[in-house]
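Coordinates as given in coords_22.txt (compact mmCIF, C-alpha atoms):
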```txt
# COMPACT_ATOMS: atom_id res chain seq x y z
CA MET S 182 -13.89 15.21 -56.26
CA SER S 183 -10.75 14.64 -54.30
CA LYS S 184 -11.00 13.13 -50.87
CA SER S 185 -11.16 15.74 -48.14
CA THR S 186 -8.23 15.80 -45.73
CA HIS S 187 -9.75 18.21 -43.22
CA HIS S 188 -10.30 17.30 -39.58
CA ARG S 189 -13.74 15.83 -39.00
CA ALA S 190 -15.92 16.54 -36.02
CA ASP S 191 -16.68 12.85 -35.53
CA GLU S 192 -13.82 11.40 -33.48
CA ARG S 193 -14.93 7.87 -34.27
CA ARG S 194 -13.01 8.12 -37.55
CA PHE S 195 -9.85 7.71 -35.51
CA LEU S 196 -11.18 4.39 -34.29
CA ASP S 197 -12.48 3.22 -37.67
CA GLU S 198 -9.51 3.94 -39.94
CA ARG S 199 -6.58 3.75 -37.57
CA GLY S 200 -6.25 -0.01 -37.63
CA SER S 201 -5.60 -0.30 -41.38
CA SER S 202 -3.98 2.93 -42.61
CA GLY S 203 -2.61 4.80 -39.59
CA PRO S 204 1.00 4.56 -38.35
CA LEU S 205 1.83 2.39 -35.38
CA ALA S 206 3.36 3.47 -32.10
CA PRO S 207 7.13 3.04 -31.55
CA ASN S 208 6.49 -0.16 -29.60
CA GLY S 209 4.56 -1.64 -32.55
CA LEU S 210 1.07 -1.32 -31.09
CA ASN S 211 -1.95 0.28 -32.67
CA PRO S 212 -2.66 3.55 -30.77
CA ALA S 213 -6.39 3.24 -31.38
CA THR S 214 -6.60 -0.14 -29.68
CA ILE S 215 -4.19 0.32 -26.76
CA LEU S 216 -7.11 1.15 -24.49
CA GLU S 217 -9.86 -1.43 -24.04
CA LYS S 218 -12.99 -1.05 -26.16
CA PRO S 219 -15.38 -0.36 -23.22
CA VAL S 220 -13.05 2.39 -21.98
CA ARG S 221 -12.74 3.86 -25.47
CA ASP S 222 -16.50 3.96 -25.86
CA ARG S 223 -16.91 5.75 -22.53
CA ILE S 224 -14.23 8.28 -23.49
CA VAL S 225 -15.70 9.09 -26.90
CA ASN S 226 -19.22 9.45 -25.46
CA SER S 227 -18.13 11.54 -22.47
CA TYR S 228 -19.03 15.20 -22.23
CA PHE S 229 -15.47 16.30 -21.41
CA TYR S 230 -13.98 14.60 -24.46
CA GLN S 231 -16.57 16.01 -26.86
CA GLU S 232 -16.26 19.52 -25.51
CA GLN S 233 -12.60 19.93 -24.52
CA CYS S 234 -10.73 17.49 -26.76
CA PHE S 235 -12.10 18.49 -30.18
CA ALA S 236 -9.59 20.16 -32.56
CA VAL S 237 -6.85 20.16 -29.93
CA ASN S 238 -3.13 20.14 -30.71
CA GLU S 239 -0.06 19.45 -28.57
CA ALA S 240 0.07 23.01 -27.20
CA ASP S 241 -3.59 22.97 -26.23
CA ILE S 242 -3.01 19.81 -24.21
CA VAL S 243 -1.02 21.88 -21.69
CA ASP S 244 -3.93 24.30 -21.24
CA ARG S 245 -6.41 21.47 -20.78
CA VAL S 246 -4.23 19.80 -18.16
CA VAL S 247 -3.73 23.02 -16.20
CA GLU S 248 -7.43 23.94 -16.26
CA HIS S 249 -9.17 20.59 -15.84
CA VAL S 250 -6.83 17.91 -14.49
CA SER S 251 -6.59 17.87 -10.69
CA PHE S 252 -6.22 14.11 -10.14
CA ILE S 253 -5.07 10.98 -11.92
CA GLY S 254 -7.12 7.86 -12.55
CA GLY S 255 -9.07 5.86 -15.08
CA VAL S 256 -12.79 5.73 -14.41
CA TYR S 257 -14.58 6.90 -11.27
CA GLY S 258 -18.00 7.09 -9.69
CA GLN S 259 -20.96 4.79 -9.77
CA PHE S 260 -21.38 5.18 -13.54
CA GLN S 261 -17.63 4.73 -14.23
CA LYS S 262 -17.06 8.03 -15.95
CA PRO S 263 -13.66 8.49 -17.60
CA THR S 264 -11.42 11.03 -15.90
CA PRO S 265 -10.07 14.08 -17.76
CA PHE S 266 -6.64 12.53 -17.27
CA LEU S 267 -7.62 9.43 -19.25
CA CYS S 268 -9.44 11.45 -21.92
CA LEU S 269 -6.34 13.56 -22.58
CA ALA S 270 -4.20 10.44 -22.68
CA PHE S 271 -6.48 9.06 -25.38
CA LYS S 272 -6.15 12.35 -27.26
CA LEU S 273 -2.34 12.05 -27.10
CA LEU S 274 -2.65 8.61 -28.67
CA GLN S 275 -4.39 10.31 -31.59
CA LEU S 276 -1.92 13.21 -31.86
CA GLN S 277 1.25 11.12 -31.39
CA PRO S 278 3.55 13.94 -30.17
CA SER S 279 7.25 13.76 -30.95
CA ASP S 280 9.99 13.03 -28.43
CA ALA S 281 10.93 16.71 -28.27
CA ILE S 282 7.40 17.68 -27.24
CA LEU S 283 7.28 14.90 -24.68
CA ASP S 284 10.58 16.11 -23.27
CA GLU S 285 9.07 19.57 -22.81
CA TYR S 286 6.09 18.01 -21.06
CA LEU S 287 8.41 16.17 -18.69
CA GLN S 288 11.08 18.77 -17.96
CA PHE S 289 9.96 22.37 -18.30
CA GLY S 290 6.22 21.86 -18.01
CA GLY S 291 6.55 19.04 -15.50
CA GLU S 292 8.41 21.18 -12.98
CA LYS S 293 5.47 23.61 -12.82
CA PHE S 294 2.55 21.28 -13.50
CA LYS S 295 2.94 17.85 -11.93
CA TYR S 296 -0.13 16.37 -13.63
CA LEU S 297 1.32 17.27 -17.03
CA ARG S 298 4.39 15.21 -16.15
CA ALA S 299 2.22 12.34 -14.96
CA LEU S 300 0.26 12.41 -18.23
CA ALA S 301 3.45 12.34 -20.30
CA LEU S 302 4.85 9.44 -18.27
CA PHE S 303 1.64 7.49 -18.72
CA TYR S 304 1.68 8.08 -22.49
CA ILE S 305 5.34 7.03 -22.76
CA ARG S 306 4.57 3.81 -20.91
CA LEU S 307 1.80 3.03 -23.42
CA THR S 308 3.66 3.76 -26.64
CA ARG S 309 7.44 3.46 -26.23
CA GLN S 310 9.73 0.45 -26.26
CA ASP S 311 10.73 -1.17 -22.99
CA LYS S 312 14.33 0.08 -22.96
CA ASP S 313 13.16 3.66 -23.62
CA VAL S 314 10.51 3.34 -20.92
CA TYR S 315 13.12 2.42 -18.31
CA LYS S 316 15.47 5.19 -19.41
CA VAL S 317 12.80 7.89 -19.30
CA LEU S 318 10.77 6.86 -16.27
CA GLU S 319 13.45 5.80 -13.78
CA PRO S 320 14.90 9.31 -13.17
CA PHE S 321 11.47 10.47 -12.00
CA LEU S 322 11.48 7.99 -9.13
CA GLU S 323 13.09 10.83 -7.18
CA ASP S 324 10.04 13.08 -7.64
CA LYS S 325 8.28 13.13 -4.26
CA ARG S 326 5.36 15.44 -5.07
CA LYS S 327 1.86 14.48 -3.99
CA LEU S 328 -0.83 13.38 -6.41
CA ARG S 329 -4.52 12.75 -5.97
CA ARG S 330 -5.85 9.49 -7.32
CA LYS S 331 -9.55 9.06 -8.02
CA GLY S 332 -11.19 5.73 -8.76
CA ARG S 333 -14.28 3.68 -8.08
CA ASN S 334 -13.63 3.61 -4.34
CA GLY S 335 -13.13 7.35 -3.98
CA THR S 336 -10.18 9.70 -3.78
CA SER S 337 -6.84 8.77 -2.24
CA LEU S 338 -3.40 10.30 -1.86
CA THR S 339 -0.34 9.04 -3.70
CA TYR S 340 3.05 10.34 -4.84
CA MET S 341 4.78 10.79 -8.15
CA ASP S 342 7.44 8.18 -7.40
CA GLU S 343 4.73 5.64 -6.46
CA PHE S 344 2.90 6.35 -9.70
CA VAL S 345 6.10 5.84 -11.71
CA ASP S 346 6.81 2.62 -9.82
CA ASP S 347 3.31 1.37 -10.65
CA LEU S 348 3.92 2.09 -14.33
CA LEU S 349 7.14 0.05 -14.21
CA THR S 350 5.94 -2.90 -12.15
CA LYS S 351 2.16 -3.32 -12.42
CA ASP S 352 0.10 -4.72 -15.28
CA ARG S 353 -2.87 -2.36 -14.94
CA VAL S 354 -2.85 1.35 -14.11
CA CYS S 355 -5.64 3.93 -14.52
CA ALA S 356 -8.17 1.41 -15.88
CA THR S 357 -5.71 0.48 -18.64
CA SER S 358 -3.98 -2.84 -19.22
CA LEU S 359 -0.30 -2.08 -19.84
CA TRP S 360 1.58 -4.10 -22.40
CA LYS S 361 4.03 -6.51 -20.83
CA MET S 362 7.62 -5.31 -20.89
CA ARG S 363 10.72 -7.37 -20.48
CA LYS S 364 12.28 -7.25 -17.06
CA ARG S 365 15.20 -4.98 -16.42
CA ASP S 366 17.54 -7.89 -15.66
CA ILE S 367 16.91 -9.34 -19.11
CA LEU S 368 17.63 -6.01 -20.79
CA GLU S 369 20.85 -5.72 -18.79
CA ASP S 370 21.91 -9.20 -19.89
CA LEU S 371 21.21 -8.23 -23.49
CA GLU S 372 23.34 -5.07 -22.94
CA LEU S 373 20.41 -2.84 -23.87
CA LEU S 374 20.51 -1.14 -20.49
CA GLU S 375 23.22 -0.38 -17.99
CA ALA S 376 22.95 -1.48 -14.40
CA ARG S 377 20.93 1.02 -12.43
CA VAL S 378 22.67 2.66 -9.49
CA SER S 379 20.35 3.54 -6.64
CA PRO S 380 20.68 7.00 -5.03
CA LEU S 381 21.13 5.17 -1.72
CA GLY S 382 24.15 3.27 -3.03
CA ASP S 383 24.84 -0.42 -3.51
CA ILE S 384 22.47 -2.62 -1.51
CA GLU S 385 25.17 -5.18 -0.71
CA ASP S 386 27.45 -2.49 0.72
CA LEU S 387 24.59 -1.15 2.84
CA LEU S 388 23.85 -4.61 4.24
CA GLU S 389 27.52 -5.17 5.07
CA GLU S 390 27.69 -1.84 6.88
CA GLU S 391 24.59 -2.70 8.91
CA GLU S 392 26.10 -6.05 9.92
CA GLU S 393 29.34 -4.37 10.98
CA GLU S 394 27.43 -1.86 13.10
CA GLU S 395 25.44 -4.64 14.76
CA ASP S 396 28.65 -6.52 15.55
CA ARG S 397 30.18 -3.39 17.05
CA ASN S 398 27.12 -2.73 19.17
CA GLY S 399 27.12 -6.33 20.39
CA ASP S 400 30.79 -6.15 21.37
CA GLY S 401 30.17 -2.86 23.21
CA VAL S 402 27.33 -4.41 25.26
CA LYS S 403 29.50 -7.39 26.20
CA GLU S 404 32.36 -5.12 27.28
CA GLU S 405 29.99 -3.10 29.49
CA ASP S 406 28.69 -6.28 31.17
CA ASP S 407 32.22 -7.54 31.77
CA SER S 408 33.30 -4.19 33.20
CA GLU S 409 30.35 -4.18 35.62
CA GLY S 410 31.25 -7.66 36.85
CA GLU S 411 34.88 -6.68 37.35
CA VAL S 412 33.91 -3.59 39.32
CA GLY S 413 31.75 -5.69 41.65
CA GLU S 414 34.59 -8.13 42.31
CA LEU S 415 37.05 -5.32 43.01
CA GLU S 416 34.63 -3.71 45.45
CA GLU S 417 34.29 -6.96 47.36
CA ARG S 418 38.05 -7.43 47.48
CA ASP S 419 38.98 -3.89 48.45
CA GLY S 420 36.11 -3.45 50.90
CA THR S 421 34.93 -0.30 49.19
CA ARG S 422 31.26 -0.06 48.49
CA THR S 423 29.27 2.16 46.22
CA PRO S 424 25.98 3.78 47.35
CA ASP S 425 24.04 1.06 45.55
CA SER S 426 25.91 -1.71 47.32
CA ARG S 427 25.45 0.05 50.68
CA SER S 428 21.69 0.33 50.16
CA ARG S 429 21.53 -3.34 49.23
CA SER S 430 23.46 -4.38 52.36
CA ARG S 431 21.23 -2.22 54.55
CA SER S 432 18.09 -3.80 53.13
CA ARG S 433 19.55 -7.26 53.68
CA SER S 434 20.50 -6.49 57.32
CA ARG S 435 17.02 -5.13 57.98
CA SER S 436 15.41 -8.25 56.59
CA VAL S 437 17.67 -10.45 58.74
CA ARG S 438 16.88 -8.39 61.85
CA GLY S 439 13.17 -8.67 61.11
CA ASP S 440 13.45 -12.44 60.83
CA ARG S 441 15.34 -12.60 64.09
CA MET S 442 12.77 -10.48 65.85
CA ASP S 443 10.01 -12.73 64.60
CA ILE S 444 11.86 -15.78 65.90
CA ASP S 445 12.57 -14.17 69.27
CA GLY S 446 8.94 -13.02 69.54
CA GLY S 447 7.73 -16.53 68.89
CA ASP S 448 10.04 -17.99 71.55
CA TYR S 449 8.94 -15.38 74.08
CA ARG S 450 5.29 -16.21 73.49
CA ARG S 451 5.90 -19.89 73.91
CA ARG S 452 7.76 -19.34 77.21
CA SER S 453 5.00 -17.13 78.60
CA ARG S 454 2.41 -19.76 77.70
CA ASP S 455 4.43 -22.47 79.46
CA ARG S 456 4.77 -20.33 82.58
CA SER S 457 1.07 -19.53 82.78
CA TRP S 458 0.16 -23.18 82.30
CA GLY S 459 2.60 -24.20 85.09
CA ARG S 460 1.18 -21.67 87.53
CA SER S 461 -2.39 -22.72 86.90
CA ARG S 462 -1.42 -26.36 87.42
CA SER S 463 0.33 -25.66 90.70
CA ARG S 464 -2.71 -23.74 91.99
CA SER S 465 -5.02 -26.60 91.17
CA ARG S 466 -2.77 -29.03 93.06
CA SER S 467 -2.64 -26.82 96.14
CA ARG S 468 -6.42 -26.52 96.22
CA SER S 469 -6.84 -30.26 96.00
CA ARG S 470 -4.49 -30.85 98.97
CA SER S 471 -6.17 -28.35 101.29
CA PRO S 472 -9.01 -29.84 103.58
```

Please express what this file holds, its structure, as structure tokens.
Amino acid sequence: MSKSTHHRADERRFLDERGSSGPLAPNGLNPATILEKPVRDRIVNSYFYQEQCFAVNEADIVDRVVEHVSFIGGVYGQFQKPTPFLCLAFKLLQLQPSDAILDEYLQFGGEKFKYLRALALFYIRLTRQDKDVYKVLEPFLEDKRKLRRKGRNGTSLTYMDEFVDDLLTKDRVCATSLWKMRKRDILEDLELLEARVSPLGDIEDLLEEEEEEEDRNGDGVKEEDDSEGEVGELEERDGTRTPDSRSRSRSRSRSVRGDRMDIDGGDYRRRSRDRSWGRSRSRSRSRSRSP
């Protein structure tokens, strides 16, 4: 009998035979071993993978994402269950869709279903070469849509551009160790990539503009201080006073008058004391002289 080529119900065949006879990913890695063995075992034994990922093709992946994927992540909960997002990513590793299908996931399908785009970006980061990863992922740094992330510590809010940045910069995303890519500067030196232009413009030009604005603001503050000093000198010379200067002079004159009144009051008290003491003394003398 000839060997059967039909699809088997046992998905473990993908793990058993892929290492020796199956084709490799474009980056040279074995698709069956890209995910860690504990994570693979949890995926294969999960209820979602056995029910929803059996006999699924590239078109059915879209339906599964729309119906079941409402957050990104690797494993979640106390028992570390694999998320539907990670299960479908493992199924894509088995299907190995072409670049044309991935482009449909990213462009047409990604505009309507953001989690389909996130799944395609995650798969590209796992299987494509570093220069292709930068070319494909960097344009989606401008996608500002919200995403829900679910992990061991609960659910949190993130954004598509943050997720793409994590795929480009971090070593571990969604409970998966990402293969180490060469840095973008090295690829630019090797002329494999062109220098990336930020939507904000050149950083050096932006810094120079900020320094020029700070210098202008500093000169403006100095000119205002100088002008205020000149106005005060002119007012003193011309004898003209503004309402502020008049109020200040009035307060000063009042304080001076108050001080003078205090001094005069003190002198008056002293004089009255001296007079009363003199009168009492003269009375005592007169009484002593009288027989």

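With distances restricted to all atoms listed in the file, S:Ile253 is the closest residue to Leu338 (chain S) from S:Leu297, S:Ile253, S:Val225, S:Val220.
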
Separation of CA of Tyr286 (chain S) from CA of Phe235 (chain S) in Å: 20.4 Å

Contact residues around Phe294 (chain S) with only C-alpha atoms at 9 Å, ignoring same-chain residues under 6 positions, as an NGL selection string: :S and (243 or 246-247 or 286)

Residue contacts of Gly258 (chain S) (9 Å, all atoms listed in the file) excluding same-chain residues fewer than 3 positions away, as a PyMOL selection string: chain S and resi 261-262+331-335

C-alpha atoms of the current selection, written as a CSV table (one decimal), in the frame of the given file:
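Once written, selection.csv looks like this:
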```
chain,number,residue,atom,x,y,z
S,261,GLN,CA,-17.6,4.7,-14.2
S,262,LYS,CA,-17.1,8.0,-16.0
S,331,LYS,CA,-9.6,9.1,-8.0
S,332,GLY,CA,-11.2,5.7,-8.8
S,333,ARG,CA,-14.3,3.7,-8.1
S,334,ASN,CA,-13.6,3.6,-4.3
S,335,GLY,CA,-13.1,7.4,-4.0
```

Point (9.5, 15.9, -9.5), cut-off 8 Å, counting all atoms listed in the file, residues as number ranges by chain: S: 291-292, 295, 321, 323-326, 341

Close residues, His249 (chain S) itself excluded, 12 Å, only C-alpha atoms, min 5 positions apart in chain, as a ChimeraX atom specification: /S:229-230,233-234,242-244,264-269,294,296-297

Take the selection from the previous step and output its residues with C-alpha atoms, as a PDB file, keeping the file's coordinate frame.
```pdb
ATOM      1  CA  PHE S 229     -15.470  16.300 -21.410  1.00  0.00           C
ATOM      2  CA  TYR S 230     -13.980  14.600 -24.460  1.00  0.00           C
ATOM      3  CA  GLN S 233     -12.600  19.930 -24.520  1.00  0.00           C
ATOM      4  CA  CYS S 234     -10.730  17.490 -26.760  1.00  0.00           C
ATOM      5  CA  ILE S 242      -3.010  19.810 -24.210  1.00  0.00           C
ATOM      6  CA  VAL S 243      -1.020  21.880 -21.690  1.00  0.00           C
ATOM      7  CA  ASP S 244      -3.930  24.300 -21.240  1.00  0.00           C
ATOM      8  CA  THR S 264     -11.420  11.030 -15.900  1.00  0.00           C
ATOM      9  CA  PRO S 265     -10.070  14.080 -17.760  1.00  0.00           C
ATOM     10  CA  PHE S 266      -6.640  12.530 -17.270  1.00  0.00           C
ATOM     11  CA  LEU S 267      -7.620   9.430 -19.250  1.00  0.00           C
ATOM     12  CA  CYS S 268      -9.440  11.450 -21.920  1.00  0.00           C
ATOM     13  CA  LEU S 269      -6.340  13.560 -22.580  1.00  0.00           C
ATOM     14  CA  PHE S 294       2.550  21.280 -13.500  1.00  0.00           C
ATOM     15  CA  TYR S 296      -0.130  16.370 -13.630  1.00  0.00           C
ATOM     16  CA  LEU S 297       1.320  17.270 -17.030  1.00  0.00           C
TER      17      LEU S 297
END
```
